[in-house]
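A.B. asks: So here's my_file_30.pdb, just PDB, C-alpha atoms, pLDDT in the B column:
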```pdb
MODEL        1
ATOM      1  CA  MET A 977      -2.312   1.427 -19.480  1.00 59.00           C
ATOM      2  CA  SER A 978      -1.134   0.771 -15.949  1.00 86.00           C
ATOM      3  CA  PHE A 979      -0.078   2.822 -12.959  1.00 89.00           C
ATOM      4  CA  THR A 980       2.776   2.043 -10.597  1.00 92.00           C
ATOM      5  CA  PRO A 981       3.079   4.079  -7.394  1.00 93.00           C
ATOM      6  CA  ALA A 982       6.544   5.011  -6.153  1.00 94.00           C
ATOM      7  CA  LEU A 983       7.136   5.578  -2.445  1.00 95.00           C
ATOM      8  CA  PHE A 984      10.145   7.295  -0.930  1.00 94.00           C
ATOM      9  CA  TYR A 985      11.817   6.289   2.322  1.00 95.00           C
ATOM     10  CA  ASN A 986      14.653   7.606   4.491  1.00 93.00           C
ATOM     11  CA  ASP A 987      15.847   4.008   4.773  1.00 93.00           C
ATOM     12  CA  PRO A 988      14.516   2.103   1.762  1.00 94.00           C
ATOM     13  CA  PHE A 989      16.460  -1.072   2.578  1.00 93.00           C
ATOM     14  CA  ALA A 990      14.827  -1.243   6.024  1.00 95.00           C
ATOM     15  CA  ALA A 991      11.480  -0.513   4.350  1.00 96.00           C
ATOM     16  CA  LEU A 992      11.891  -3.493   2.010  1.00 96.00           C
ATOM     17  CA  LYS A 993      12.435  -5.825   4.952  1.00 97.00           C
ATOM     18  CA  TRP A 994       9.573  -4.320   6.943  1.00 98.00           C
ATOM     19  CA  LEU A 995       7.098  -4.421   4.031  1.00 98.00           C
ATOM     20  CA  GLU A 996       7.958  -8.070   3.455  1.00 97.00           C
ATOM     21  CA  ASN A 997       7.537  -8.976   7.119  1.00 97.00           C
ATOM     22  CA  ALA A 998       4.419  -6.903   7.837  1.00 97.00           C
ATOM     23  CA  PHE A 999       2.482  -7.027   4.575  1.00 97.00           C
ATOM     24  CA  GLY A1000       3.870 -10.115   2.839  1.00 96.00           C
ATOM     25  CA  PHE A1001       5.298  -8.143  -0.080  1.00 97.00           C
ATOM     26  CA  GLU A1002       8.044  -9.723  -2.188  1.00 97.00           C
ATOM     27  CA  THR A1003      10.969  -7.891  -3.757  1.00 97.00           C
ATOM     28  CA  SER A1004      10.751  -8.500  -7.494  1.00 96.00           C
ATOM     29  CA  MET A1005      13.585  -6.139  -8.472  1.00 96.00           C
ATOM     30  CA  LEU A1006      16.438  -4.513  -6.588  1.00 96.00           C
ATOM     31  CA  ILE A1007      19.036  -2.207  -8.089  1.00 95.00           C
ATOM     32  CA  GLU A1008      21.811  -1.333  -5.656  1.00 90.00           C
ATOM     33  CA  PRO A1009      24.645   1.113  -6.273  1.00 85.00           C
ATOM     34  CA  PRO A1010      28.208  -0.217  -5.997  1.00 84.00           C
ATOM     35  CA  ASP A1011      29.818  -0.012  -2.560  1.00 84.00           C
ATOM     36  CA  GLY A1012      30.883   3.515  -1.801  1.00 78.00           C
ATOM     37  CA  GLU A1013      28.485   5.025  -4.352  1.00 81.00           C
ATOM     38  CA  ASP A1014      25.483   7.215  -3.533  1.00 81.00           C
ATOM     39  CA  PRO A1015      23.007   4.965  -1.676  1.00 75.00           C
ATOM     40  CA  THR A1016      20.103   7.211  -2.669  1.00 82.00           C
ATOM     41  CA  MET A1017      20.346   5.841  -6.194  1.00 85.00           C
ATOM     42  CA  MET A1018      18.851   2.470  -5.242  1.00 91.00           C
ATOM     43  CA  HIS A1019      15.590   1.268  -6.813  1.00 94.00           C
ATOM     44  CA  ALA A1020      13.333  -1.604  -5.818  1.00 96.00           C
ATOM     45  CA  GLU A1021      10.010  -3.028  -6.878  1.00 97.00           C
ATOM     46  CA  MET A1022       7.699  -5.186  -4.771  1.00 96.00           C
ATOM     47  CA  THR A1023       4.651  -7.326  -5.527  1.00 95.00           C
ATOM     48  CA  VAL A1024       2.065  -9.332  -3.594  1.00 92.00           C
ATOM     49  CA  ARG A1025       2.222 -12.945  -4.787  1.00 88.00           C
ATOM     50  CA  GLY A1026       3.369 -11.733  -8.193  1.00 88.00           C
ATOM     51  CA  LYS A1027       0.468  -9.294  -8.544  1.00 90.00           C
ATOM     52  CA  GLY A1028       0.613  -5.535  -8.639  1.00 91.00           C
ATOM     53  CA  ARG A1029       3.759  -3.502  -8.282  1.00 94.00           C
ATOM     54  CA  VAL A1030       4.999  -0.690  -6.095  1.00 96.00           C
ATOM     55  CA  MET A1031       8.366   1.021  -6.472  1.00 95.00           C
ATOM     56  CA  ILE A1032      10.419   1.726  -3.350  1.00 96.00           C
ATOM     57  CA  GLY A1033      13.205   4.261  -3.323  1.00 94.00           C
ATOM     58  CA  SER A1034      15.047   6.764  -1.209  1.00 93.00           C
ATOM     59  CA  GLU A1035      14.659  10.493  -0.793  1.00 90.00           C
ATOM     60  CA  TRP A1036      16.685  11.385  -3.857  1.00 88.00           C
ATOM     61  CA  SER A1037      15.474  14.941  -4.554  1.00 87.00           C
ATOM     62  CA  ASP A1038      13.756  17.886  -2.889  1.00 89.00           C
ATOM     63  CA  TRP A1039      10.337  16.708  -4.084  1.00 91.00           C
ATOM     64  CA  ALA A1040      10.780  12.989  -3.236  1.00 88.00           C
ATOM     65  CA  LYS A1041      10.224  12.776   0.531  1.00 89.00           C
ATOM     66  CA  SER A1042       9.143  10.206   3.081  1.00 90.00           C
ATOM     67  CA  PRO A1043       6.205  11.195   5.293  1.00 87.00           C
ATOM     68  CA  ALA A1044       8.752  10.947   8.138  1.00 90.00           C
ATOM     69  CA  SER A1045      10.503  13.994   6.642  1.00 90.00           C
ATOM     70  CA  VAL A1046       7.356  16.094   6.210  1.00 88.00           C
ATOM     71  CA  GLY A1047       5.572  15.733   9.528  1.00 89.00           C
ATOM     72  CA  GLY A1048       3.778  12.521   8.598  1.00 89.00           C
ATOM     73  CA  ALA A1049       1.801  14.006   5.714  1.00 86.00           C
ATOM     74  CA  ASN A1050       0.711  11.695   2.903  1.00 87.00           C
ATOM     75  CA  THR A1051      -0.214  12.924  -0.552  1.00 85.00           C
ATOM     76  CA  THR A1052      -1.268   9.486  -1.732  1.00 87.00           C
ATOM     77  CA  ASN A1053      -2.514   6.204  -0.349  1.00 90.00           C
ATOM     78  CA  VAL A1054      -1.656   2.836  -1.863  1.00 93.00           C
ATOM     79  CA  HIS A1055      -4.660   0.491  -2.056  1.00 94.00           C
ATOM     80  CA  VAL A1056      -3.761  -3.214  -2.144  1.00 96.00           C
ATOM     81  CA  GLN A1057      -6.328  -5.806  -3.216  1.00 95.00           C
ATOM     82  CA  LEU A1058      -5.823  -9.070  -1.326  1.00 95.00           C
ATOM     83  CA  ASP A1059      -6.974 -12.584  -2.176  1.00 91.00           C
ATOM     84  CA  GLU A1060      -6.512 -13.773   1.410  1.00 88.00           C
ATOM     85  CA  ASP A1061      -8.329 -13.037   4.657  1.00 95.00           C
ATOM     86  CA  VAL A1062      -7.944  -9.319   5.354  1.00 97.00           C
ATOM     87  CA  ASP A1063      -8.427  -9.811   9.124  1.00 98.00           C
ATOM     88  CA  THR A1064      -5.480 -12.225   9.305  1.00 97.00           C
ATOM     89  CA  HIS A1065      -3.440  -9.807   7.163  1.00 98.00           C
ATOM     90  CA  CYS A1066      -4.231  -6.995   9.601  1.00 98.00           C
ATOM     91  CA  GLN A1067      -3.149  -9.144  12.566  1.00 98.00           C
ATOM     92  CA  ARG A1068       0.161  -9.835  10.800  1.00 97.00           C
ATOM     93  CA  ALA A1069       0.714  -6.130  10.111  1.00 98.00           C
ATOM     94  CA  ARG A1070      -0.149  -5.173  13.689  1.00 98.00           C
ATOM     95  CA  ALA A1071       2.245  -7.825  15.070  1.00 98.00           C
ATOM     96  CA  ALA A1072       5.013  -6.378  12.868  1.00 97.00           C
ATOM     97  CA  GLY A1073       4.473  -2.909  14.313  1.00 97.00           C
ATOM     98  CA  ALA A1074       2.106  -1.289  11.817  1.00 98.00           C
ATOM     99  CA  ALA A1075      -0.055   1.451  13.280  1.00 97.00           C
ATOM    100  CA  ILE A1076      -3.585   0.356  12.409  1.00 98.00           C
ATOM    101  CA  GLU A1077      -5.389   3.539  11.373  1.00 97.00           C
ATOM    102  CA  ALA A1078      -8.723   1.772  10.715  1.00 98.00           C
ATOM    103  CA  ASP A1079      -9.555  -1.760  11.839  1.00 98.00           C
ATOM    104  CA  PRO A1080     -11.038  -4.196   9.322  1.00 98.00           C
ATOM    105  CA  ALA A1081     -14.620  -3.241   8.457  1.00 98.00           C
ATOM    106  CA  ASP A1082     -17.157  -4.181   5.795  1.00 96.00           C
ATOM    107  CA  GLN A1083     -17.734  -1.466   3.179  1.00 95.00           C
ATOM    108  CA  PHE A1084     -20.865  -0.551   1.182  1.00 93.00           C
ATOM    109  CA  TYR A1085     -19.139  -1.577  -2.056  1.00 93.00           C
ATOM    110  CA  GLY A1086     -18.768  -5.211  -0.974  1.00 94.00           C
ATOM    111  CA  ALA A1087     -15.219  -5.207   0.366  1.00 95.00           C
ATOM    112  CA  ARG A1088     -13.678  -5.551   3.809  1.00 98.00           C
ATOM    113  CA  THR A1089     -10.828  -3.085   4.332  1.00 98.00           C
ATOM    114  CA  TYR A1090      -8.340  -1.798   6.865  1.00 98.00           C
ATOM    115  CA  ARG A1091      -5.721   0.972   6.845  1.00 98.00           C
ATOM    116  CA  ALA A1092      -2.220   0.743   8.267  1.00 98.00           C
ATOM    117  CA  ARG A1093       0.665   3.196   8.631  1.00 97.00           C
ATOM    118  CA  ASP A1094       4.199   1.900   8.108  1.00 97.00           C
ATOM    119  CA  PRO A1095       7.159   3.004  10.286  1.00 96.00           C
ATOM    120  CA  GLU A1096       7.955   6.005   8.064  1.00 96.00           C
ATOM    121  CA  GLY A1097       4.337   7.105   7.884  1.00 96.00           C
ATOM    122  CA  HIS A1098       3.049   5.830   4.524  1.00 96.00           C
ATOM    123  CA  VAL A1099      -0.620   4.857   4.809  1.00 97.00           C
ATOM    124  CA  TRP A1100      -1.706   1.650   3.074  1.00 97.00           C
ATOM    125  CA  THR A1101      -5.254   0.369   2.537  1.00 98.00           C
ATOM    126  CA  PHE A1102      -5.814  -3.377   2.240  1.00 98.00           C
ATOM    127  CA  SER A1103      -9.026  -4.780   0.832  1.00 97.00           C
ATOM    128  CA  GLN A1104     -10.666  -8.144   0.266  1.00 97.00           C
ATOM    129  CA  THR A1105     -13.766  -8.463  -1.925  1.00 96.00           C
ATOM    130  CA  LEU A1106     -16.549 -10.191  -0.004  1.00 95.00           C
ATOM    131  CA  ARG A1107     -19.363  -9.836  -2.520  1.00 94.00           C
ATOM    132  CA  GLN A1108     -20.223  -8.125  -5.777  1.00 93.00           C
ATOM    133  CA  VAL A1109     -22.404  -5.024  -5.377  1.00 92.00           C
ATOM    134  CA  THR A1110     -24.345  -3.328  -8.156  1.00 90.00           C
ATOM    135  CA  ARG A1111     -24.223   0.417  -8.723  1.00 91.00           C
ATOM    136  CA  GLU A1112     -27.869   0.625  -7.671  1.00 92.00           C
ATOM    137  CA  GLU A1113     -27.149  -1.180  -4.383  1.00 91.00           C
ATOM    138  CA  ALA A1114     -24.202   1.151  -3.681  1.00 91.00           C
ATOM    139  CA  GLU A1115     -26.311   4.237  -4.450  1.00 91.00           C
ATOM    140  CA  GLN A1116     -29.050   2.978  -2.140  1.00 92.00           C
ATOM    141  CA  ALA A1117     -26.568   2.256   0.640  1.00 91.00           C
ATOM    142  CA  THR A1118     -24.894   5.673   0.423  1.00 91.00           C
ATOM    143  CA  GLY A1119     -27.642   7.976  -0.839  1.00 92.00           C
ATOM    144  CA  MET A1120     -25.176   9.285  -3.439  1.00 92.00           C
ATOM    145  CA  LYS A1121     -25.342   9.254  -7.230  1.00 93.00           C
ATOM    146  CA  ILE A1122     -22.574   7.089  -8.672  1.00 92.00           C
ATOM    147  CA  THR A1123     -21.365   7.355 -12.263  1.00 92.00           C
ATOM    148  CA  GLY A1124     -19.070   4.878 -14.005  1.00 87.00           C
ATOM    149  CA  TRP A1125     -19.621   1.862 -11.741  1.00 82.00           C
ATOM    150  CA  ALA A1126     -18.279  -1.224 -13.534  1.00 73.00           C
TER     151      ALA A1126
ENDMDL
END
```
Could you show the structure in this file as structure tokens?
C.D. replies:
Amino acid sequence: MSFTPALFYNDPFAALKWLENAFGFETSMLIEPPDGEDPTMMHAEMTVRGKGRVMIGSEWSDWAKSPASVGGANTTNVHVQLDEDVDTHCQRARAAGAAIEADPADQFYGARTYRARDPEGHVWTFSQTLRQVTREEAEQATGMKITGWA
């Protein structure tokens, strides 16, 4: 089983370009309507170096909205696991105009993460694994009981 998030944008074509420039995403699929047809019927998929997948589309119904259309609210956050240096990735995103919501920081679970908001308000979390942490180490670090740690 796999999950593929779908994000909605007012201007999905601008989003594709921005996500490529800021985050290094690559368009792996693009379905465009014929000229003169409804532009909201486009569909795109992006990956990071051939890994993962996120679908990018337009606001095509009353329930499919960009955060820009609902006061910046997010009902989900896309978490992207990186192989490369997360600090350099953050610098690239910042230079491209991303609003950095949380600067890169080491986490109790062995990762270094940062959060960025794209121009339409979607919040993305980027993470790089620094070290493997056991469930017991994570429980000790947080003081919380953790179930299901793999």
A.B. asks: Would you please work out which residue, of A:Ala998, A:Leu1106, A:Ala990, A:Ala1087, is nearest to A:Thr1064 when using only C-alpha atoms?
C.D. replies: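 Of the candidates, the smallest distance to A:Thr1064 is held by A:Ala998.
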A.B. asks: Could you tell me, as a list in words, exactly which residues end up selected when the PyMOL selection byres ((chain A and resi 1105) around 12) is applied to this structure?
C.D. replies: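 Applied to this file, the PyMOL selection byres ((chain A and resi 1105) around 12) returns Val1056, Gln1057, Leu1058, Asp1059, Glu1060, Asp1061, Val1062, Ala1081, Asp1082, Gln1083, Phe1084, Tyr1085, Gly1086, Ala1087, Arg1088, Thr1089, Phe1102, Ser1103, Gln1104, Leu1106, Arg1107, Gln1108 and Val1109 of chain A.
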A.B. asks: May I ask for the distance between atom CA of A:Gly1097 and atom CA of A:Ala1075, given in Å to one decimal place?
C.D. replies: 9.0 Å
A.B. asks: Which is closer to A:His1019 than all the others in A:Val1054, A:Ile1122, A:Ile1076, A:Leu983, using all atoms listed in the file?
C.D. replies: A:Leu983
A.B. asks: Would you write out, as a list in words, every residue that the PyMOL selection byres ((chain A and resi 1052) around 12) captures in this file?
C.D. replies: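 Those residues are Pro981, Ala982, Leu983, Phe984, Ser1042, Pro1043, Gly1048, Ala1049, Asn1050, Thr1051, Asn1053, Val1054, His1055, Gly1097, His1098, Val1099, Trp1100 and Thr1101 of chain A.
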A.B. asks: Taking C-alpha atoms for each residue, export the selection above as a compact mmCIF listing (two decimals), in the frame of the given file.
C.D. replies:
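Contents of the output file selection.txt:
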```txt
# COMPACT_ATOMS: atom_id res chain seq x y z
CA PRO A 981 3.08 4.08 -7.39
CA ALA A 982 6.54 5.01 -6.15
CA LEU A 983 7.14 5.58 -2.44
CA PHE A 984 10.14 7.30 -0.93
CA SER A 1042 9.14 10.21 3.08
CA PRO A 1043 6.20 11.20 5.29
CA GLY A 1048 3.78 12.52 8.60
CA ALA A 1049 1.80 14.01 5.71
CA ASN A 1050 0.71 11.70 2.90
CA THR A 1051 -0.21 12.92 -0.55
CA ASN A 1053 -2.51 6.20 -0.35
CA VAL A 1054 -1.66 2.84 -1.86
CA HIS A 1055 -4.66 0.49 -2.06
CA GLY A 1097 4.34 7.10 7.88
CA HIS A 1098 3.05 5.83 4.52
CA VAL A 1099 -0.62 4.86 4.81
CA TRP A 1100 -1.71 1.65 3.07
CA THR A 1101 -5.25 0.37 2.54
```
A.B. asks: Save stretch 1025-1041 of chain A from what I just supplied, as a compact mmCIF listing (two decimals), in the first residue's frame, atoms limited to all heavy atoms.
C.D. replies:
```txt
# COMPACT_ATOMS: atom_id res chain seq x y z
N ARG A 1025 14.25 13.30 -7.13
CA ARG A 1025 15.23 12.34 -7.65
C ARG A 1025 14.62 10.97 -7.87
O ARG A 1025 15.20 9.94 -7.53
CB ARG A 1025 16.43 12.26 -6.72
CG ARG A 1025 17.20 13.56 -6.67
CD ARG A 1025 18.52 13.43 -6.00
NE ARG A 1025 19.19 14.72 -6.09
CZ ARG A 1025 19.94 15.22 -5.13
NH1 ARG A 1025 20.15 14.55 -4.04
NH2 ARG A 1025 20.50 16.39 -5.29
N GLY A 1026 13.41 10.97 -8.42
CA GLY A 1026 12.72 9.72 -8.74
C GLY A 1026 12.09 9.03 -7.56
O GLY A 1026 11.49 7.97 -7.72
N LYS A 1027 12.17 9.62 -6.38
CA LYS A 1027 11.59 9.01 -5.18
C LYS A 1027 10.35 9.78 -4.76
O LYS A 1027 10.26 10.98 -4.93
CB LYS A 1027 12.60 9.02 -4.03
CG LYS A 1027 13.82 8.18 -4.29
CD LYS A 1027 14.76 8.27 -3.10
CE LYS A 1027 16.04 7.52 -3.35
NZ LYS A 1027 16.96 7.67 -2.20
N GLY A 1028 9.43 9.05 -4.14
CA GLY A 1028 8.21 9.68 -3.66
C GLY A 1028 7.36 10.20 -4.80
O GLY A 1028 7.72 10.10 -5.98
N ARG A 1029 6.22 10.75 -4.44
CA ARG A 1029 5.34 11.33 -5.45
C ARG A 1029 4.34 12.22 -4.75
O ARG A 1029 3.80 11.88 -3.71
CB ARG A 1029 4.62 10.22 -6.21
CG ARG A 1029 3.68 10.74 -7.28
CD ARG A 1029 3.12 9.64 -8.13
NE ARG A 1029 2.44 8.65 -7.31
CZ ARG A 1029 1.69 7.67 -7.78
NH1 ARG A 1029 1.54 7.54 -9.07
NH2 ARG A 1029 1.10 6.82 -6.98
N VAL A 1030 4.11 13.38 -5.33
CA VAL A 1030 3.06 14.28 -4.89
C VAL A 1030 2.31 14.73 -6.13
O VAL A 1030 2.92 14.98 -7.17
CB VAL A 1030 3.62 15.47 -4.08
CG1 VAL A 1030 4.55 16.33 -4.92
CG2 VAL A 1030 2.52 16.30 -3.47
N MET A 1031 0.98 14.77 -6.03
CA MET A 1031 0.17 15.24 -7.15
C MET A 1031 -0.12 16.73 -6.97
O MET A 1031 -0.36 17.19 -5.85
CB MET A 1031 -1.13 14.45 -7.23
CG MET A 1031 -0.90 12.99 -7.56
SD MET A 1031 -2.40 12.04 -7.89
CE MET A 1031 -3.11 11.93 -6.26
N ILE A 1032 -0.05 17.46 -8.06
CA ILE A 1032 -0.30 18.90 -8.06
C ILE A 1032 -1.45 19.17 -9.03
O ILE A 1032 -1.44 18.71 -10.17
CB ILE A 1032 0.96 19.68 -8.54
CG1 ILE A 1032 2.18 19.34 -7.68
CG2 ILE A 1032 0.67 21.18 -8.58
CD1 ILE A 1032 2.09 19.74 -6.23
N GLY A 1033 -2.43 19.91 -8.54
CA GLY A 1033 -3.57 20.23 -9.38
C GLY A 1033 -4.12 21.60 -9.05
O GLY A 1033 -3.57 22.33 -8.21
N SER A 1034 -5.20 21.92 -9.70
CA SER A 1034 -5.83 23.23 -9.49
C SER A 1034 -7.02 23.08 -8.54
O SER A 1034 -7.39 21.98 -8.16
CB SER A 1034 -6.31 23.79 -10.83
OG SER A 1034 -7.34 22.97 -11.34
N GLU A 1035 -7.59 24.21 -8.20
CA GLU A 1035 -8.83 24.22 -7.42
C GLU A 1035 -9.97 23.84 -8.37
O GLU A 1035 -10.48 24.67 -9.08
CB GLU A 1035 -9.07 25.59 -6.83
CG GLU A 1035 -8.04 26.02 -5.84
CD GLU A 1035 -8.39 27.36 -5.21
OE1 GLU A 1035 -8.86 28.27 -5.93
OE2 GLU A 1035 -8.19 27.49 -3.99
N TRP A 1036 -10.32 22.59 -8.38
CA TRP A 1036 -11.29 22.11 -9.37
C TRP A 1036 -12.66 21.81 -8.79
O TRP A 1036 -13.58 21.43 -9.51
CB TRP A 1036 -10.74 20.89 -10.10
CG TRP A 1036 -10.36 19.76 -9.17
CD1 TRP A 1036 -9.19 19.60 -8.51
CD2 TRP A 1036 -11.18 18.66 -8.83
NE1 TRP A 1036 -9.22 18.46 -7.76
CE2 TRP A 1036 -10.43 17.85 -7.94
CE3 TRP A 1036 -12.47 18.26 -9.17
CZ2 TRP A 1036 -10.93 16.68 -7.39
CZ3 TRP A 1036 -12.97 17.09 -8.62
CH2 TRP A 1036 -12.20 16.31 -7.75
N SER A 1037 -12.83 21.97 -7.46
CA SER A 1037 -14.15 21.78 -6.86
C SER A 1037 -14.24 22.61 -5.58
O SER A 1037 -13.24 23.20 -5.15
CB SER A 1037 -14.40 20.30 -6.54
OG SER A 1037 -13.65 19.92 -5.39
N ASP A 1038 -15.40 22.63 -4.96
CA ASP A 1038 -15.58 23.40 -3.74
C ASP A 1038 -14.73 22.89 -2.58
O ASP A 1038 -14.40 23.63 -1.68
CB ASP A 1038 -17.05 23.41 -3.32
CG ASP A 1038 -17.91 24.27 -4.23
OD1 ASP A 1038 -17.35 25.12 -4.95
OD2 ASP A 1038 -19.14 24.09 -4.22
N TRP A 1039 -14.39 21.62 -2.58
CA TRP A 1039 -13.61 21.05 -1.48
C TRP A 1039 -12.10 21.01 -1.76
O TRP A 1039 -11.32 20.70 -0.86
CB TRP A 1039 -14.11 19.66 -1.11
CG TRP A 1039 -14.00 18.65 -2.22
CD1 TRP A 1039 -15.00 18.31 -3.10
CD2 TRP A 1039 -12.87 17.87 -2.58
NE1 TRP A 1039 -14.54 17.37 -3.99
CE2 TRP A 1039 -13.22 17.07 -3.69
CE3 TRP A 1039 -11.58 17.75 -2.08
CZ2 TRP A 1039 -12.34 16.20 -4.30
CZ3 TRP A 1039 -10.70 16.86 -2.70
CH2 TRP A 1039 -11.10 16.09 -3.79
N ALA A 1040 -11.68 21.31 -2.98
CA ALA A 1040 -10.27 21.27 -3.36
C ALA A 1040 -9.74 22.70 -3.45
O ALA A 1040 -9.86 23.35 -4.48
CB ALA A 1040 -10.10 20.55 -4.70
N LYS A 1041 -9.16 23.19 -2.35
CA LYS A 1041 -8.74 24.59 -2.28
C LYS A 1041 -7.27 24.72 -1.90
O LYS A 1041 -6.73 23.92 -1.15
CB LYS A 1041 -9.57 25.34 -1.23
CG LYS A 1041 -11.05 25.41 -1.54
CD LYS A 1041 -11.32 26.25 -2.76
CE LYS A 1041 -12.79 26.36 -3.06
NZ LYS A 1041 -13.03 27.03 -4.31
```
